[in-house]
Each structure stands twice: as structure tokens, then as C-alpha cells.
Amino acid sequence: MTTHPSPAIPDQLFSDPAAETRWRERFTAPRMSLPGWADDAPDRTLYVSNASGVWEIYSWDRATDEHRKVTDRPNGTSHATLNPDGTEIWWFDDHDGDEFGVWVREPFKADGSKAEPAVADVTPGYPAGLEIGRTVTAVAASTDDGTTVWLTRGGKSEVIYQHVNDAGVTALSKDESLVVIAHSEHGDNRHMALRALNAETGETVGEKWDGKGKGLDAISFSPVRGDQRLLVLHERRGREELLIWDVAAGTEREIVVDLPGEVSADWYPDASALLIVHTHHARNTVHRYDLTTGELSTLDTAPGVVGSAGVRPDGTIEYSWSSAERSTVIRALATDGTESVLVEPAGAKPATSFKLEDVFVGDVHALVSKPDGEGPFPTAFLIHGGPHSSDEDRFSAYRAVWLDAGFATVHVNYRGSSGYGSKWRDAIEGRPGITELEDIAAVHDWAVESGLTDPARSVLNGASWGGYLTLLGLGTQPERWAVGVAGVPVADYLAAYEDEMEPLRAFDRALFGGSPEELPELYQECSPLTYVDRVTAPVLILAGENDPRCPIRQIDNYLDALAARGHAYEMYRYDAGHGSLVVAETIRQTAAEVDFALRHLAK
């Protein structure tokens with residue numbers, strides 16, 4: 001293994017004890033996800049929480065108000081679900097964050113037994129969807145050989161779909177007669193097609209594809225047994241909208257709502273209405289859409305971000321909410337309009353931080369927060385990953401510590417981000433990395449000209465795709481950046497393509513327009529390693545030894561190139577995958593990042 005200089009982890013970031021306590025408590029304060037419930041036993045629920053110091057799976061029996069920590073693994077667990085009657089908990093068992101493994105199951109009520117493989121004859125792989133029925137289960141896994149879908153019935157599993165291109169299980173009808181897969185047999189896994197299969201025979205019942213550059217995403221079948229209507233996201237008019245596909249009848253109905261931005265949705269329990277979460281300019285509103293009358297009503301939620309939401313059998317809407325100023329709360333909105341906190345982990349304390357302000361630089365939307373005092377400030381440009389993701393008006397303990405350290409923070413929802421329409425999201429096709437950095441540069445220009453940012457103290461910082469953009473920006477825009485901090489980045493695109501998981505290779509082929517063998521010059525143009533000799537800022541890179549998305553070899557290639565020219569850099573390696581679920585590890589990494597920036601800006 002190549003060795004590289006490691007950063008010192010400071011015992012404390014701040015001389016002020018109150019500030020030191022505050023930033024650490026934001027990370028360690030117990031938090032939880034929205035509990036999800038079993039279809040036929042809604043009192044049995046699951047959630048993910050950091051209450052033990054590691055993000056793990058917890059069960060909550062609402063009938064007895066008993067909470068139980070289900071999983072206990074050194075690097076945490078994040079994927080789990082319940083079978084329909086709530087008797088079993090299924091969770092994904094990988095190795096130290098490498099995302100490669102199998103689904104296992106154990107009883108909802110602990111009886112001392114260990115988790116065991118959940119489905120017979122299913123080989124390990126990267127998870128590609130799971131739908132559990134009362135008598136039928138559909139599970140998919142991806143490997144370097146492609147995607148395989150198994151159907152399990154009566155303890156026996158059979159392959160019902162297999163293809164070299166990326167695919168996955170997305171829905172199972174409530175009567176368990178239909179299985180829907182999303183597939184990219186047309187060669188573009190960024191814009192999927194849908195296929196409905198007969199769960200008994202595996203024969204194709206229906207197909208839906210909107211053509212080149214227009215993806216479909218199956219949300220779920222109607223919750224009413226025998227109702228074979230499937231709720232689907234489409235992008236026929238350049239943004240994500242809704243339609244209902246009646247698979248049995250072979251008909252569809254578009255759901256047109258008069259709202260800007262994009263929407264997602266799920267069913268009400270009797271399938272008479274949809275619960276719609278609307279996204280516009282980094283914030284959410286929640287609505288009820290009556291499928292009979294077409295009436296759209298707005299539900300009373302505070303400004304901010306609704307992370308997830310669902311409708312209970314009694315009509316109560318439960319949702320997770322946060323804003324830049326307030327940490328996540330799990331809330332319940334009753335049918336009479338009464339709202340309350342549903343549940344919070346023991347010892348939870350509300351955390352606060354600075355608000356985010358909207359800035360529009362041309363068509364680019366940015367979110368800005370600044371500490372007390374007068375600018376220009378040292379500024380951390382915190383670049384999101386994805387790339388098909390976005391920064392929102394949600395609480396971030398990570399953002400807050402930069403503000404505590406005296407930095408202004410800037411989030412840029414560059415071209416490639418989701419939530420701004422398909423055209424914006426797909427604008428990076430054929431020229432990824434370079435396109436996003438044009439938008440980041442425009443916002444950086446605004447930040448300097450407005451007096452927010454000290455140009456000599458500008459930090460470029462991101463993880464995953466944001467880490468890739470950080471390294472690429474340090475090489476292509478060296479005059480802009482004083483420090484670079486890149487977490488789990490793509491650093492050498494050609495080597496990354498060779499080593500990464502196959503679904504990401506398929507994503508790269510769709511994004512670039514072909515493979516490195518077909519487009520070597522384009523991959524080199526968009527690779528940070530190509531510009532490594534132009535980097536002038538000191539660089540900190542953080543990477544997981546078991547990362548299947550941004551593998552370690554290609555990062556070492558980049559660091560070796562920095563070392564060969566005697567450039568200032570440090571490398572933080574940790575024993576997990578594409579990020580860490582261990583709170584103490586997250587704190588160590590955050591301390592290393594902020595300390596690195598402070599040390600080098602002070603020189």
C-alpha cells in the first residue's frame with residue numbers, strides 16, 4: 001500500500017470551550033430517520049439512528065412503545081425494511097461499507113437467534129432493489145456481470161430477469177401478481193425504462209419507455225389489493241412529474257399539478273389520493289391531491305425540507321423536517337390539523353445554526369450562510385455530490401462547524417443538480433466536471449464581488465462527486481482556490497472506471513456518451529489527474545479503504561503525482577467505504593478538514 005502524509009487530528013478546534021462543546025454536540029446529539037411501518041402491522045416500525053454513536057437499525061413497537069437496537073456492526077448499517085406482517089426485519093449485510101453482500105433477516109421480537117440469509121440461492125452483489133410480499137419476494141443484485149432478479153416463493157428462488165446492463169426491482173403489486181423492474185437495455189441507466197412481469201411465469205405484461213433522454217421511475221403500486229395501478233415519475237416535459245400506469249388495463253393517466261419545480265408522491269392508504277412532496281428552490285411543501293376531483297390542497301408544514309413523508313392507515317401524515325436553523329424533527333399531522341412531535345430518541349436536544357439565504361447568479365441557485373461580523377470572510381464552497389442531488393435548506397452539523405470557525409459557506413446547485421428540471425440535470429452530459437465548475441466559478445465571482453468572500457481565503461470542498469469537482473477545480477481553476485478538501489473523490493477517471501462497481505461504470509458511459517475505450521480524450525479532459533501539475537493549493541484528501549464508488553487505487557495515483565512534484569498535501573484513510581456511519585469517525589474527519597483549512601490559510 002502506498003503511504004502518504006496523514007493530517008494531525010486536533011484535540012480541539014476552538015479555544016472557547018462553549019464553541020468546542022457546541023460543534024461536537026451537533027454531531028453526537030441523538031437523531032433518527034422517519035420510522036417506516038409494516039403494511040399489515042403498522043404498529044411495527046423501523047428507523048435508523050445514531051443513538052449508540054454508530055448509525056444502526058432500530059425497531060419500535062408502537063403497541064408497547066418498546067425501542068430495540070437491531071444491528072450492531074463496527075461500521076454501521078443503513079438499509080433495512082419489514083416484511084408485510086411485521087414479523088421479520090430484513091437488513092443488508094455488507095462488509096465494512098463495501099456495499100457488496102446479501103439481505104439477511106431476523107425476528108421483529110428478539111428471541112436470541114442470529115440473522116440468517118433472507119432468500120435462498122441468491123448470490124451476493126450490490127443491492128438493486130427488494131420487494132417483499134406475503135408469499136412472493138423479488139430481489140435484485142448487481143455484479144460486474146450485470147443485474148440479476150430473483151423471485152422467491154415457497155422457499156425456492158428462480159431467476160426471472162438477467163441482463164448485462166444496469167437494472168433493478170422497483171415495485172410489487174399488492175396481490176403479488178406483477179413485478180416491475182427498471183432497466184437500461186437501451187444503454188442509458190440515467191434514463192430508465194419500466195417492464196412489468198407476471199410474477200408467476202416471468203413473462204412480460206407491459207412495457208413503458210418514453211425514449212432517449214426521458215427516464216421513468218416506478219414509485220409504488222396502489223396499496224389496495226387487486227388494484228394494479230402503478231405510480232410513476234416521468235420527465236416528458238423537462239421536469240419530474242407524475243403519472244399512474246394501470247398495468248392490467250394498459251392505460252395511463254398523467255397527474256398534472258400547477259406547481260413550479262418538481263414533485264414526488266406516494267399513495268394514501270385507500271388509493272383515493274396522493275401525498276405529494278413538492279420541491280422548489282431547495283425547499284419543500286406538502287400537498288394532498290384528490291384523484292377523483294383533481295383538487296390540490298396544501299398541508300401546513302414549516303418552511304424548510306421534508307426529508308420523507310407517509311400516510312398512516314388512520315390518515316395521519318408523518319414526516320421528517322429540518323431547516324438550516326433547526327435540526328431534524330419527526331412530526332405527525334393528524335386529520336384534524338393538529339400537529340405534534342411524533343417521536344425523538346432519548347437524550348435528543350434541538351440543535352441550531354445560521355439560516356441560509358438564496359442567491360441567484362444567472363440561472364445558478366446558491367445557498368449562502370455567513371457568521372457574525374463583517375465580510376469579506378474566509379469562505380468554504382461546500383460542493384454537493386451526486387451529481388444528481390442538490391443542497392437544500394436543511395440542517396447540517398457539518399456546515400455549522402465551518403460557520404463556528406468563522407467561515408462563510410456557499411452551496412452551489414450547479415448544472416447537473418436535481419430539483420431544477422431535466423434540462424438542468426442533464427446539461428453536464430458529454431462534458432461532466434467542466435460544466436459544473438463553470439457554474440461554481442460564476443458563483444465564486446459573485447461572492448468576491450459582493451464582498452462576502454476574501455478571494456485569498458477561498459476553500460473548495462466536497463465529497464464524492466463534490467470531491468471530484470474539488471480536485472478538478474484545483475487543477476483547472478488554480479487562481480481561485482487557496483485550499484482544497486476532497487472526500488472520497490474521483491481523482492483519476494480512467495483508473496476509477498476500471499475499479500468502480502458496474503452500475504457506476506454504466507452511469508459513466510451514459511454521462512460521457514461512451515466508455516474510456518471509446519472516448520479516451522474526453523475522459524482525460526475531465527479527469528483531475530490530467531491537471532495535477534497545475535494545482536497550487538494545499539490539498540487534503542479523505543478516502544475509505546473499501547469504497548466501491550471511488551476506489552482507493554485511483555486516489556493513490558493522484559497523490560503519487562502530487563508527491564512526485566513535492567506538492568503540499570495530506571491524506572486521511574479510514575477503514576470503511578464511501579463515507580462512514582460512525583459518529584466519532586465523522587467528528588475526526590470534520591476536525592481534520594477544518595483544521596487543515598485553518599492551518600494553511602494562516603500561513
# chains A, B, ... in the order shown; residues from 1 in each chain; ligands from 1
$ residues_around --residues "segment 204-214 of chain A" --least-positions-apart "4" --cutoff "6 Å" --atoms "only C-alpha atoms" --output "list in words"
His191, Ala193, Leu194, Arg195, Ala196, Leu197 and Glu235 of chain A
$ closest_atom_pairs --of "segment 518-579 of chain A" --to "segment 481-496 of chain A" --cutoff "10 Å" --atoms "only C-alpha atoms" --output "Markdown table"
| residue | atom | partner | partner_atom | distance |
| --- | --- | --- | --- | --- |
| A:Pro520 | CA | A:Leu494 | CA | 8.3 |
| A:Tyr523 | CA | A:Tyr493 | CA | 6.5 |
| A:Gln524 | CA | A:Tyr493 | CA | 7.3 |
| A:Glu525 | CA | A:Tyr493 | CA | 9.6 |
| A:Cys526 | CA | A:Tyr493 | CA | 7.6 |
| A:Ser527 | CA | A:Tyr493 | CA | 5.1 |
| A:Pro528 | CA | A:Ala491 | CA | 5.3 |
| A:Leu529 | CA | A:Asp492 | CA | 5.2 |
| A:Thr530 | CA | A:Asp492 | CA | 8.0 |
| A:Val532 | CA | A:Ala491 | CA | 9.4 |
| A:Val535 | CA | A:Trp481 | CA | 9.4 |
| A:Thr536 | CA | A:Ala482 | CA | 7.9 |
| A:Ala537 | CA | A:Val483 | CA | 5.0 |
| A:Pro538 | CA | A:Val483 | CA | 5.4 |
| A:Val539 | CA | A:Gly484 | CA | 4.8 |
| A:Leu540 | CA | A:Val485 | CA | 4.8 |
| A:Ile541 | CA | A:Ala486 | CA | 4.8 |
| A:Leu542 | CA | A:Gly487 | CA | 4.6 |
| A:Ala543 | CA | A:Val488 | CA | 4.6 |
| A:Gly544 | CA | A:Val488 | CA | 6.8 |
| A:Glu545 | CA | A:Val488 | CA | 9.8 |
| A:Asp547 | CA | A:Val488 | CA | 7.9 |
| A:Pro548 | CA | A:Ala496 | CA | 9.5 |
| A:Arg549 | CA | A:Ala496 | CA | 8.2 |
| A:Cys550 | CA | A:Val490 | CA | 5.6 |
| A:Pro551 | CA | A:Ala496 | CA | 6.3 |
| A:Ile552 | CA | A:Val488 | CA | 8.5 |
| A:Arg553 | CA | A:Ala495 | CA | 7.4 |
| A:Gln554 | CA | A:Asp492 | CA | 5.1 |
| A:Ile555 | CA | A:Ala491 | CA | 5.4 |
| A:Asp556 | CA | A:Ala491 | CA | 8.6 |
| A:Asn557 | CA | A:Asp492 | CA | 6.9 |
| A:Tyr558 | CA | A:Ala491 | CA | 6.0 |
| A:Leu559 | CA | A:Ala491 | CA | 8.8 |
| A:Tyr569 | CA | A:Gly484 | CA | 9.3 |
| A:Glu570 | CA | A:Val485 | CA | 9.7 |
| A:Met571 | CA | A:Ala486 | CA | 9.8 |
| A:Tyr572 | CA | A:Gly487 | CA | 9.1 |
| A:Arg573 | CA | A:Val488 | CA | 9.7 |
| A:Gly577 | CA | A:Val488 | CA | 8.8 |
| A:His578 | CA | A:Val488 | CA | 6.4 |
| A:Gly579 | CA | A:Val488 | CA | 7.3 |
$ residues_around --residues "Lys423 of chain A" --least-positions-apart "3" --cutoff "12 Å" --atoms "only C-alpha atoms" --output "PyMOL selection string"
chain A and resi 213-214+235-240+415-420+426-429
$ residues_around --residues "segment 16-33 of chain A" --least-positions-apart "3" --cutoff "6 Å" --atoms "only C-alpha atoms" --output "number ranges by chain"
A: 47-51, 345, 348, 397, 401
$ residues_around --residues "Ser177 of chain A" --least-positions-apart "2" --cutoff "12 Å" --atoms "only C-alpha atoms" --output "ChimeraX atom specification"
/A:133-138,151,171-175,179-180,196-205,221,225-228,247-248
$ residues_around --residues "Val159 of chain A" --least-positions-apart "5" --cutoff "8 Å" --atoms "only C-alpha atoms" --output "number ranges by chain"
A: 148-151
$ write_last_selection --atoms "N, CA and C atoms" --output "PDB file, in the first residue's frame"
ATOM      1  N   THR A 148     -29.116  -9.305 -11.918  1.00  0.00           N
ATOM      2  CA  THR A 148     -29.956 -10.492 -11.858  1.00  0.00           C
ATOM      3  C   THR A 148     -31.125 -10.219 -10.917  1.00  0.00           C
ATOM      4  N   VAL A 149     -32.328 -10.643 -11.315  1.00  0.00           N
ATOM      5  CA  VAL A 149     -33.516 -10.528 -10.477  1.00  0.00           C
ATOM      6  C   VAL A 149     -34.024 -11.929 -10.176  1.00  0.00           C
ATOM      7  N   TRP A 150     -34.210 -12.215  -8.895  1.00  0.00           N
ATOM      8  CA  TRP A 150     -34.748 -13.494  -8.450  1.00  0.00           C
ATOM      9  C   TRP A 150     -36.164 -13.302  -7.915  1.00  0.00           C
ATOM     10  N   LEU A 151     -36.982 -14.306  -8.083  1.00  0.00           N
ATOM     11  CA  LEU A 151     -38.299 -14.357  -7.460  1.00  0.00           C
ATOM     12  C   LEU A 151     -38.306 -15.554  -6.521  1.00  0.00           C
TER      13      LEU A 151
END
$ select_by_dssp --residues "segment 415-566 of chain A" --states "alpha helix (DSSP H)" --output "PyMOL selection string"
chain A and resi 422-426+434-449+465-476+493-499+502-512+520-525+552-564
$ closest_residue --among "A:Asp121, A:Asp439, A:Ala568, A:Leu178" --to "Val361 of chain A" --atoms "only C-alpha atoms"
A:Asp439
$ residues_around --residues "Asn546 of chain A" --least-positions-apart "5" --cutoff "7 Å" --atoms "only C-alpha atoms" --output "PDB file with N, CA, C and O atoms, in the first residue's frame"
ATOM      1  N   ASP A  96     -17.849  -4.062   5.919  1.00  0.00           N
ATOM      2  CA  ASP A  96     -17.124  -2.826   6.219  1.00  0.00           C
ATOM      3  C   ASP A  96     -17.395  -1.706   5.219  1.00  0.00           C
ATOM      4  O   ASP A  96     -16.487  -0.983   4.804  1.00  0.00           O
ATOM      5  N   GLY A  97     -18.655  -1.583   4.821  1.00  0.00           N
ATOM      6  CA  GLY A  97     -19.035  -0.469   3.975  1.00  0.00           C
ATOM      7  C   GLY A  97     -18.756  -0.642   2.501  1.00  0.00           C
ATOM      8  O   GLY A  97     -18.870   0.330   1.742  1.00  0.00           O
ATOM      9  N   ASP A  98     -18.432  -1.882   2.055  1.00  0.00           N
ATOM     10  CA  ASP A  98     -18.118  -2.057   0.628  1.00  0.00           C
ATOM     11  C   ASP A  98     -19.366  -2.218  -0.243  1.00  0.00           C
ATOM     12  O   ASP A  98     -19.263  -2.311  -1.462  1.00  0.00           O
ATOM     13  N   ASP A 575     -11.070   2.942   7.533  1.00  0.00           N
ATOM     14  CA  ASP A 575     -11.431   1.564   7.211  1.00  0.00           C
ATOM     15  C   ASP A 575     -12.944   1.430   7.066  1.00  0.00           C
ATOM     16  O   ASP A 575     -13.626   0.895   7.933  1.00  0.00           O
ATOM     17  N   ALA A 576     -13.464   1.961   5.969  1.00  0.00           N
ATOM     18  CA  ALA A 576     -14.883   1.833   5.650  1.00  0.00           C
ATOM     19  C   ALA A 576     -15.035   2.063   4.154  1.00  0.00           C
ATOM     20  O   ALA A 576     -14.058   1.959   3.396  1.00  0.00           O
ATOM     21  N   GLY A 577     -16.251   2.394   3.714  1.00  0.00           N
ATOM     22  CA  GLY A 577     -16.494   2.559   2.300  1.00  0.00           C
ATOM     23  C   GLY A 577     -16.651   4.006   1.894  1.00  0.00           C
ATOM     24  O   GLY A 577     -15.827   4.857   2.247  1.00  0.00           O
TER      25      GLY A 577
END
$ atom_distance --atom1 "atom CA of Ser327 of chain A" --atom2 "atom CA of Val582 of chain A"
18.9 Å
$ decode --residues "segment 261-275 of chain A" --atoms "all heavy atoms" --output "mmCIF file, in the first residue's frame"
data_model
loop_
_atom_site.group_PDB
_atom_site.id
_atom_site.type_symbol
_atom_site.label_atom_id
_atom_site.label_comp_id
_atom_site.auth_asym_id
_atom_site.auth_seq_id
_atom_site.Cartn_x
_atom_site.Cartn_y
_atom_site.Cartn_z
ATOM 1 N N GLY A 261 -41.197 23.859 -10.175
ATOM 2 C CA GLY A 261 -40.270 22.876 -9.636
ATOM 3 C C GLY A 261 -40.680 21.458 -9.968
ATOM 4 O O GLY A 261 -41.312 21.192 -10.995
ATOM 5 N N GLU A 262 -40.356 20.510 -9.072
ATOM 6 C CA GLU A 262 -40.589 19.097 -9.329
ATOM 7 C C GLU A 262 -41.343 18.473 -8.161
ATOM 8 O O GLU A 262 -41.398 19.038 -7.063
ATOM 9 C CB GLU A 262 -39.259 18.373 -9.568
ATOM 10 C CG GLU A 262 -38.533 18.899 -10.799
ATOM 11 C CD GLU A 262 -37.298 18.115 -11.155
ATOM 12 O OE1 GLU A 262 -36.619 17.605 -10.229
ATOM 13 O OE2 GLU A 262 -36.995 18.004 -12.352
ATOM 14 N N VAL A 263 -41.931 17.296 -8.412
ATOM 15 C CA VAL A 263 -42.728 16.647 -7.377
ATOM 16 C C VAL A 263 -42.382 15.165 -7.293
ATOM 17 O O VAL A 263 -41.906 14.557 -8.256
ATOM 18 C CB VAL A 263 -44.244 16.794 -7.644
ATOM 19 C CG1 VAL A 263 -44.661 18.260 -7.603
ATOM 20 C CG2 VAL A 263 -44.640 16.154 -8.973
ATOM 21 N N SER A 264 -42.633 14.606 -6.122
ATOM 22 C CA SER A 264 -42.693 13.169 -5.934
ATOM 23 C C SER A 264 -43.947 12.899 -5.117
ATOM 24 O O SER A 264 -44.612 13.843 -4.662
ATOM 25 C CB SER A 264 -41.443 12.643 -5.231
ATOM 26 O OG SER A 264 -41.477 11.225 -5.179
ATOM 27 N N ALA A 265 -44.296 11.629 -4.928
ATOM 28 C CA ALA A 265 -45.570 11.348 -4.267
ATOM 29 C C ALA A 265 -45.624 9.920 -3.778
ATOM 30 O O ALA A 265 -44.779 9.083 -4.133
ATOM 31 C CB ALA A 265 -46.731 11.609 -5.230
ATOM 32 N N ASP A 266 -46.632 9.640 -2.982
ATOM 33 C CA ASP A 266 -46.995 8.279 -2.609
ATOM 34 C C ASP A 266 -48.500 8.249 -2.390
ATOM 35 O O ASP A 266 -49.162 9.289 -2.339
ATOM 36 C CB ASP A 266 -46.241 7.815 -1.370
ATOM 37 C CG ASP A 266 -46.064 6.302 -1.332
ATOM 38 O OD1 ASP A 266 -46.722 5.609 -2.144
ATOM 39 O OD2 ASP A 266 -45.273 5.811 -0.513
ATOM 40 N N TRP A 267 -49.037 7.050 -2.237
ATOM 41 C CA TRP A 267 -50.478 6.865 -2.135
ATOM 42 C C TRP A 267 -50.995 7.139 -0.724
ATOM 43 O O TRP A 267 -50.298 6.875 0.261
ATOM 44 C CB TRP A 267 -50.852 5.426 -2.478
ATOM 45 C CG TRP A 267 -50.463 4.966 -3.835
ATOM 46 C CD1 TRP A 267 -49.274 4.397 -4.202
ATOM 47 C CD2 TRP A 267 -51.265 4.991 -5.019
ATOM 48 N NE1 TRP A 267 -49.279 4.069 -5.532
ATOM 49 C CE2 TRP A 267 -50.496 4.425 -6.069
ATOM 50 C CE3 TRP A 267 -52.560 5.443 -5.304
ATOM 51 C CZ2 TRP A 267 -50.985 4.281 -7.367
ATOM 52 C CZ3 TRP A 267 -53.041 5.300 -6.595
ATOM 53 C CH2 TRP A 267 -52.268 4.740 -7.608
ATOM 54 N N TYR A 268 -52.241 7.587 -0.625
ATOM 55 C CA TYR A 268 -52.996 7.459 0.614
ATOM 56 C C TYR A 268 -53.427 6.001 0.754
ATOM 57 O O TYR A 268 -53.521 5.270 -0.251
ATOM 58 C CB TYR A 268 -54.214 8.383 0.589
ATOM 59 C CG TYR A 268 -53.933 9.773 1.124
ATOM 60 C CD1 TYR A 268 -53.151 10.661 0.400
ATOM 61 C CD2 TYR A 268 -54.428 10.177 2.357
ATOM 62 C CE1 TYR A 268 -52.877 11.933 0.886
ATOM 63 C CE2 TYR A 268 -54.169 11.454 2.858
ATOM 64 C CZ TYR A 268 -53.393 12.332 2.120
ATOM 65 O OH TYR A 268 -53.119 13.582 2.611
ATOM 66 N N PRO A 269 -53.702 5.543 1.970
ATOM 67 C CA PRO A 269 -53.936 4.106 2.179
ATOM 68 C C PRO A 269 -55.083 3.511 1.367
ATOM 69 O O PRO A 269 -55.039 2.334 1.008
ATOM 70 C CB PRO A 269 -54.226 4.012 3.683
ATOM 71 C CG PRO A 269 -53.510 5.176 4.263
ATOM 72 C CD PRO A 269 -53.612 6.268 3.255
ATOM 73 N N ASP A 270 -56.128 4.299 1.074
ATOM 74 C CA ASP A 270 -57.241 3.769 0.301
ATOM 75 C C ASP A 270 -57.116 4.057 -1.189
ATOM 76 O O ASP A 270 -58.038 3.784 -1.964
ATOM 77 C CB ASP A 270 -58.570 4.323 0.826
ATOM 78 C CG ASP A 270 -58.665 5.846 0.695
ATOM 79 O OD1 ASP A 270 -57.687 6.479 0.235
ATOM 80 O OD2 ASP A 270 -59.716 6.396 1.072
ATOM 81 N N ALA A 271 -55.973 4.616 -1.601
ATOM 82 C CA ALA A 271 -55.674 4.919 -3.004
ATOM 83 C C ALA A 271 -56.608 5.959 -3.606
ATOM 84 O O ALA A 271 -56.709 6.074 -4.827
ATOM 85 C CB ALA A 271 -55.695 3.649 -3.854
ATOM 86 N N SER A 272 -57.271 6.757 -2.763
ATOM 87 C CA SER A 272 -58.160 7.807 -3.263
ATOM 88 C C SER A 272 -57.420 9.107 -3.529
ATOM 89 O O SER A 272 -57.959 10.006 -4.186
ATOM 90 C CB SER A 272 -59.277 8.077 -2.253
ATOM 91 O OG SER A 272 -58.735 8.629 -1.047
ATOM 92 N N ALA A 273 -56.209 9.225 -3.016
ATOM 93 C CA ALA A 273 -55.463 10.475 -3.119
ATOM 94 C C ALA A 273 -53.975 10.182 -3.096
ATOM 95 O O ALA A 273 -53.540 9.060 -2.776
ATOM 96 C CB ALA A 273 -55.847 11.414 -1.979
ATOM 97 N N LEU A 274 -53.200 11.205 -3.459
ATOM 98 C CA LEU A 274 -51.747 11.123 -3.404
ATOM 99 C C LEU A 274 -51.214 12.146 -2.410
ATOM 100 O O LEU A 274 -51.711 13.272 -2.324
ATOM 101 C CB LEU A 274 -51.140 11.414 -4.780
ATOM 102 C CG LEU A 274 -51.552 10.508 -5.932
ATOM 103 C CD1 LEU A 274 -50.901 10.992 -7.229
ATOM 104 C CD2 LEU A 274 -51.186 9.054 -5.663
ATOM 105 N N LEU A 275 -50.193 11.749 -1.664
ATOM 106 C CA LEU A 275 -49.433 12.674 -0.824
ATOM 107 C C LEU A 275 -48.257 13.152 -1.659
ATOM 108 O O LEU A 275 -47.392 12.365 -2.029
ATOM 109 C CB LEU A 275 -48.945 11.990 0.444
ATOM 110 C CG LEU A 275 -48.151 12.874 1.413
ATOM 111 C CD1 LEU A 275 -49.053 13.927 2.040
ATOM 112 C CD2 LEU A 275 -47.476 12.032 2.493
#
